[in-house]
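See below for the structure under consideration.
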Amino acid sequence: MTKRIITTANAPAPIGPYNQAVLVNENTLYTSGQIALNPETMELVMDTIEVETKQVMDNMKAVLQAADMNFENVIKTSIFISDMNNFSKINAVYGEYFNEATAPARETVEVACLPKNVNVEISMVAIK
Ligand SMILES: C=C(N)C(=O)O
């Protein structure tokens with residue numbers, strides 16, 4: 001098994017002892033959860049849940065690109081949200097990044113609290 005750490009300045013630096021993503025056997029990418037940190041300022045972008053979700057997805061796009069992948073490579077998504085009432089709004093933004101016919105498998109769960117008190121955190125698994 002080979003394990004390559006994926007790092008990019010185009011996504012937020014980790015805020016704990018983890019890496020942005022790990023590429024296994026040069027074909028399977030496990031990303032860390034992304035929250036709505038601006039990668040340049042490391043400030044949270046939380047104006048609305050739509051804006052927050054877009055920042056998360058843009059961060060994820062940068063991580064995928066750092067591994068020479070894109071959203072078409074994603075096979076599984078995990079979404080953690082602080083309030084299930086935001087489900088529809090998050091779906092609307094999330095859906096803009098995928099072709100519905102080939103969208104990845106996914107679960108969405110409401111959790112008690114997320115790092116830095118954000119409203120949404122998303123992680124993905126992608127395969128080349
Ligand atoms: C933001 C994270 N991915 C974390 O704290 O694990």
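All residue names refer to the structure tokens as shown: chains lettered A, B, ... in order, residues numbered from 1 in each chain, ligands numbered from 1 in order.
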Could you give me, as a list of chain:residue names, the residues within 12 Å of Ala62 in chain A, counting only C-alpha atoms and dropping anything in the same chain fewer than 5 positions from it?
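My list of contacting residues is A:Ile6, A:Thr7, A:Thr8, A:Ala9, A:Asn10, A:Ala11, A:Pro12, A:Ala13, A:Gln20, A:Ala21, A:Thr31, A:Gln34, A:Asn38, A:Pro39, A:Gln55, A:Val56, A:Met57, A:Ala67, A:Asp68, A:Met69, A:Asn70, A:Phe71.
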Selection to disk with all heavy atoms, as a compact mmCIF listing (two decimals), in the first residue's frame:
```txt
# COMPACT_ATOMS: atom_id res chain seq x y z
N ILE A 6 -1.66 14.71 0.25
CA ILE A 6 -2.01 15.75 -0.71
C ILE A 6 -2.14 17.08 0.04
O ILE A 6 -2.87 17.17 1.04
CB ILE A 6 -3.34 15.42 -1.41
CG1 ILE A 6 -3.25 14.09 -2.16
CG2 ILE A 6 -3.76 16.56 -2.34
CD1 ILE A 6 -2.22 14.04 -3.28
N THR A 7 -1.42 18.08 -0.45
CA THR A 7 -1.42 19.40 0.19
C THR A 7 -1.51 20.47 -0.88
O THR A 7 -0.83 20.38 -1.89
CB THR A 7 -0.11 19.61 0.99
OG1 THR A 7 0.04 18.54 1.92
CG2 THR A 7 -0.13 20.91 1.75
N THR A 8 -2.36 21.46 -0.64
CA THR A 8 -2.43 22.59 -1.56
C THR A 8 -2.68 23.89 -0.80
O THR A 8 -3.45 23.90 0.18
CB THR A 8 -3.53 22.40 -2.62
OG1 THR A 8 -3.60 23.59 -3.42
CG2 THR A 8 -4.89 22.12 -2.01
N ALA A 9 -2.07 24.95 -1.28
CA ALA A 9 -2.30 26.27 -0.70
C ALA A 9 -3.64 26.84 -1.16
O ALA A 9 -4.10 27.87 -0.65
CB ALA A 9 -1.18 27.22 -1.09
N ASN A 10 -4.28 26.18 -2.14
CA ASN A 10 -5.57 26.66 -2.65
C ASN A 10 -6.75 26.20 -1.80
O ASN A 10 -7.90 26.53 -2.11
CB ASN A 10 -5.76 26.19 -4.09
CG ASN A 10 -4.73 26.79 -5.01
OD1 ASN A 10 -4.33 27.93 -4.82
ND2 ASN A 10 -4.28 26.03 -6.00
N ALA A 11 -6.48 25.42 -0.77
CA ALA A 11 -7.50 25.03 0.20
C ALA A 11 -6.97 25.40 1.59
O ALA A 11 -5.76 25.56 1.77
CB ALA A 11 -7.79 23.53 0.11
N PRO A 12 -7.87 25.54 2.56
CA PRO A 12 -7.41 25.94 3.89
C PRO A 12 -6.39 24.98 4.48
O PRO A 12 -6.50 23.76 4.30
CB PRO A 12 -8.69 25.94 4.73
CG PRO A 12 -9.80 26.00 3.76
CD PRO A 12 -9.33 25.34 2.51
N ALA A 13 -5.42 25.52 5.17
CA ALA A 13 -4.47 24.67 5.90
C ALA A 13 -5.24 23.91 6.98
O ALA A 13 -6.25 24.41 7.50
CB ALA A 13 -3.40 25.55 6.53
N GLN A 20 -4.92 17.57 4.39
CA GLN A 20 -6.09 17.91 3.57
C GLN A 20 -6.66 16.68 2.89
O GLN A 20 -7.87 16.55 2.72
CB GLN A 20 -5.72 18.96 2.54
CG GLN A 20 -5.40 20.32 3.16
CD GLN A 20 -4.71 21.23 2.17
OE1 GLN A 20 -3.99 20.78 1.28
NE2 GLN A 20 -4.92 22.54 2.34
N ALA A 21 -5.78 15.77 2.48
CA ALA A 21 -6.24 14.53 1.84
C ALA A 21 -5.09 13.52 1.82
O ALA A 21 -3.92 13.90 1.91
CB ALA A 21 -6.72 14.80 0.41
N THR A 31 -10.50 12.59 1.47
CA THR A 31 -10.29 13.98 1.88
C THR A 31 -10.70 14.15 3.34
O THR A 31 -11.60 13.46 3.84
CB THR A 31 -11.09 14.97 1.03
OG1 THR A 31 -12.45 15.02 1.50
CG2 THR A 31 -11.04 14.63 -0.45
N GLN A 34 -13.97 19.48 4.91
CA GLN A 34 -13.72 20.90 4.64
C GLN A 34 -14.79 21.73 5.32
O GLN A 34 -15.97 21.37 5.30
CB GLN A 34 -13.73 21.17 3.13
CG GLN A 34 -12.43 20.84 2.43
CD GLN A 34 -11.27 21.71 2.90
OE1 GLN A 34 -11.45 22.85 3.31
NE2 GLN A 34 -10.07 21.16 2.84
N ASN A 38 -11.66 30.55 4.29
CA ASN A 38 -11.02 31.13 3.12
C ASN A 38 -9.55 30.71 3.17
O ASN A 38 -8.86 30.98 4.16
CB ASN A 38 -11.17 32.65 3.18
CG ASN A 38 -10.46 33.36 2.05
OD1 ASN A 38 -9.32 33.02 1.71
ND2 ASN A 38 -11.11 34.34 1.48
N PRO A 39 -9.05 30.04 2.13
CA PRO A 39 -7.67 29.53 2.20
C PRO A 39 -6.61 30.62 2.29
O PRO A 39 -5.52 30.38 2.81
CB PRO A 39 -7.51 28.72 0.91
CG PRO A 39 -8.65 29.08 0.04
CD PRO A 39 -9.73 29.65 0.89
N GLN A 55 -18.25 27.93 -0.22
CA GLN A 55 -16.83 27.98 0.18
C GLN A 55 -16.31 26.58 0.47
O GLN A 55 -15.20 26.22 0.09
CB GLN A 55 -16.66 28.89 1.41
CG GLN A 55 -15.21 29.06 1.84
CD GLN A 55 -14.39 29.84 0.83
OE1 GLN A 55 -14.76 30.94 0.46
NE2 GLN A 55 -13.28 29.27 0.39
N VAL A 56 -17.13 25.78 1.14
CA VAL A 56 -16.74 24.40 1.44
C VAL A 56 -16.49 23.63 0.13
O VAL A 56 -15.47 22.95 -0.02
CB VAL A 56 -17.84 23.70 2.27
CG1 VAL A 56 -17.56 22.20 2.39
CG2 VAL A 56 -17.94 24.33 3.66
N MET A 57 -17.41 23.76 -0.81
CA MET A 57 -17.28 23.02 -2.07
C MET A 57 -16.10 23.54 -2.90
O MET A 57 -15.40 22.75 -3.55
CB MET A 57 -18.58 23.08 -2.86
CG MET A 57 -19.74 22.34 -2.19
SD MET A 57 -19.43 20.56 -1.98
CE MET A 57 -19.67 19.98 -3.65
N ALA A 67 -4.93 16.60 -6.37
CA ALA A 67 -4.68 15.17 -6.63
C ALA A 67 -5.01 14.82 -8.08
O ALA A 67 -5.21 13.64 -8.42
CB ALA A 67 -5.52 14.32 -5.68
N ASP A 68 -5.06 15.85 -8.93
CA ASP A 68 -5.40 15.65 -10.36
C ASP A 68 -6.76 14.98 -10.53
O ASP A 68 -6.93 14.08 -11.38
CB ASP A 68 -4.32 14.84 -11.09
CG ASP A 68 -3.01 15.57 -11.13
OD1 ASP A 68 -3.02 16.80 -11.35
OD2 ASP A 68 -1.97 14.93 -10.89
N MET A 69 -7.72 15.39 -9.71
CA MET A 69 -9.08 14.86 -9.82
C MET A 69 -10.07 16.02 -9.87
O MET A 69 -9.69 17.20 -9.74
CB MET A 69 -9.40 13.98 -8.61
CG MET A 69 -8.57 12.71 -8.52
SD MET A 69 -9.31 11.55 -7.33
CE MET A 69 -7.92 10.51 -6.98
N ASN A 70 -11.34 15.66 -10.09
CA ASN A 70 -12.41 16.65 -10.04
C ASN A 70 -13.66 15.96 -9.47
O ASN A 70 -13.60 14.81 -9.06
CB ASN A 70 -12.66 17.26 -11.43
CG ASN A 70 -13.02 16.22 -12.45
OD1 ASN A 70 -13.91 15.39 -12.21
ND2 ASN A 70 -12.34 16.21 -13.59
N PHE A 71 -14.78 16.68 -9.46
CA PHE A 71 -15.98 16.12 -8.82
C PHE A 71 -16.49 14.87 -9.52
O PHE A 71 -17.20 14.07 -8.92
CB PHE A 71 -17.06 17.20 -8.71
CG PHE A 71 -16.78 18.22 -7.64
CD1 PHE A 71 -16.44 19.52 -7.97
CD2 PHE A 71 -16.84 17.87 -6.30
CE1 PHE A 71 -16.17 20.45 -6.98
CE2 PHE A 71 -16.56 18.79 -5.29
CZ PHE A 71 -16.23 20.08 -5.63
```
Contact check, chain A to ligand 1, at most 9 Å, counting only C-alpha atoms and all ligand atoms, closest pairs as CSV:
```
residue,atom,partner,partner_atom_place_in_ligand_line,distance
A:Pro14,CA,ligand 1,1 (C),6.8
A:Ile15,CA,ligand 1,5 (O),6.0
A:Gly16,CA,ligand 1,5 (O),5.8
A:Pro17,CA,ligand 1,6 (O),8.0
A:Tyr18,CA,ligand 1,6 (O),7.0
A:Asn19,CA,ligand 1,3 (N),8.5
A:Gln20,CA,ligand 1,3 (N),7.8
A:Thr31,CA,ligand 1,3 (N),8.6
A:Ser32,CA,ligand 1,3 (N),4.9
A:Gly33,CA,ligand 1,3 (N),3.9
A:Gln34,CA,ligand 1,3 (N),5.6
A:Ile35,CA,ligand 1,1 (C),5.9
A:Leu114,CA,ligand 1,5 (O),8.1
A:Pro115,CA,ligand 1,5 (O),5.7
A:Lys116,CA,ligand 1,1 (C),8.3
A:Glu121,CA,ligand 1,1 (C),7.3
A:Ile122,CA,ligand 1,3 (N),8.4
A:Ser123,CA,ligand 1,3 (N),7.9
```
Would you please work out which residue, of A:Ile81, A:Val74, A:Leu44, A:Val24, is nearest to Arg106 in chain A when using only C-alpha atoms?
A:Val74
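Pairwise distance (CA of Lys3 in chain A, CA of Thr28 in chain A) equals 9.6 Å.
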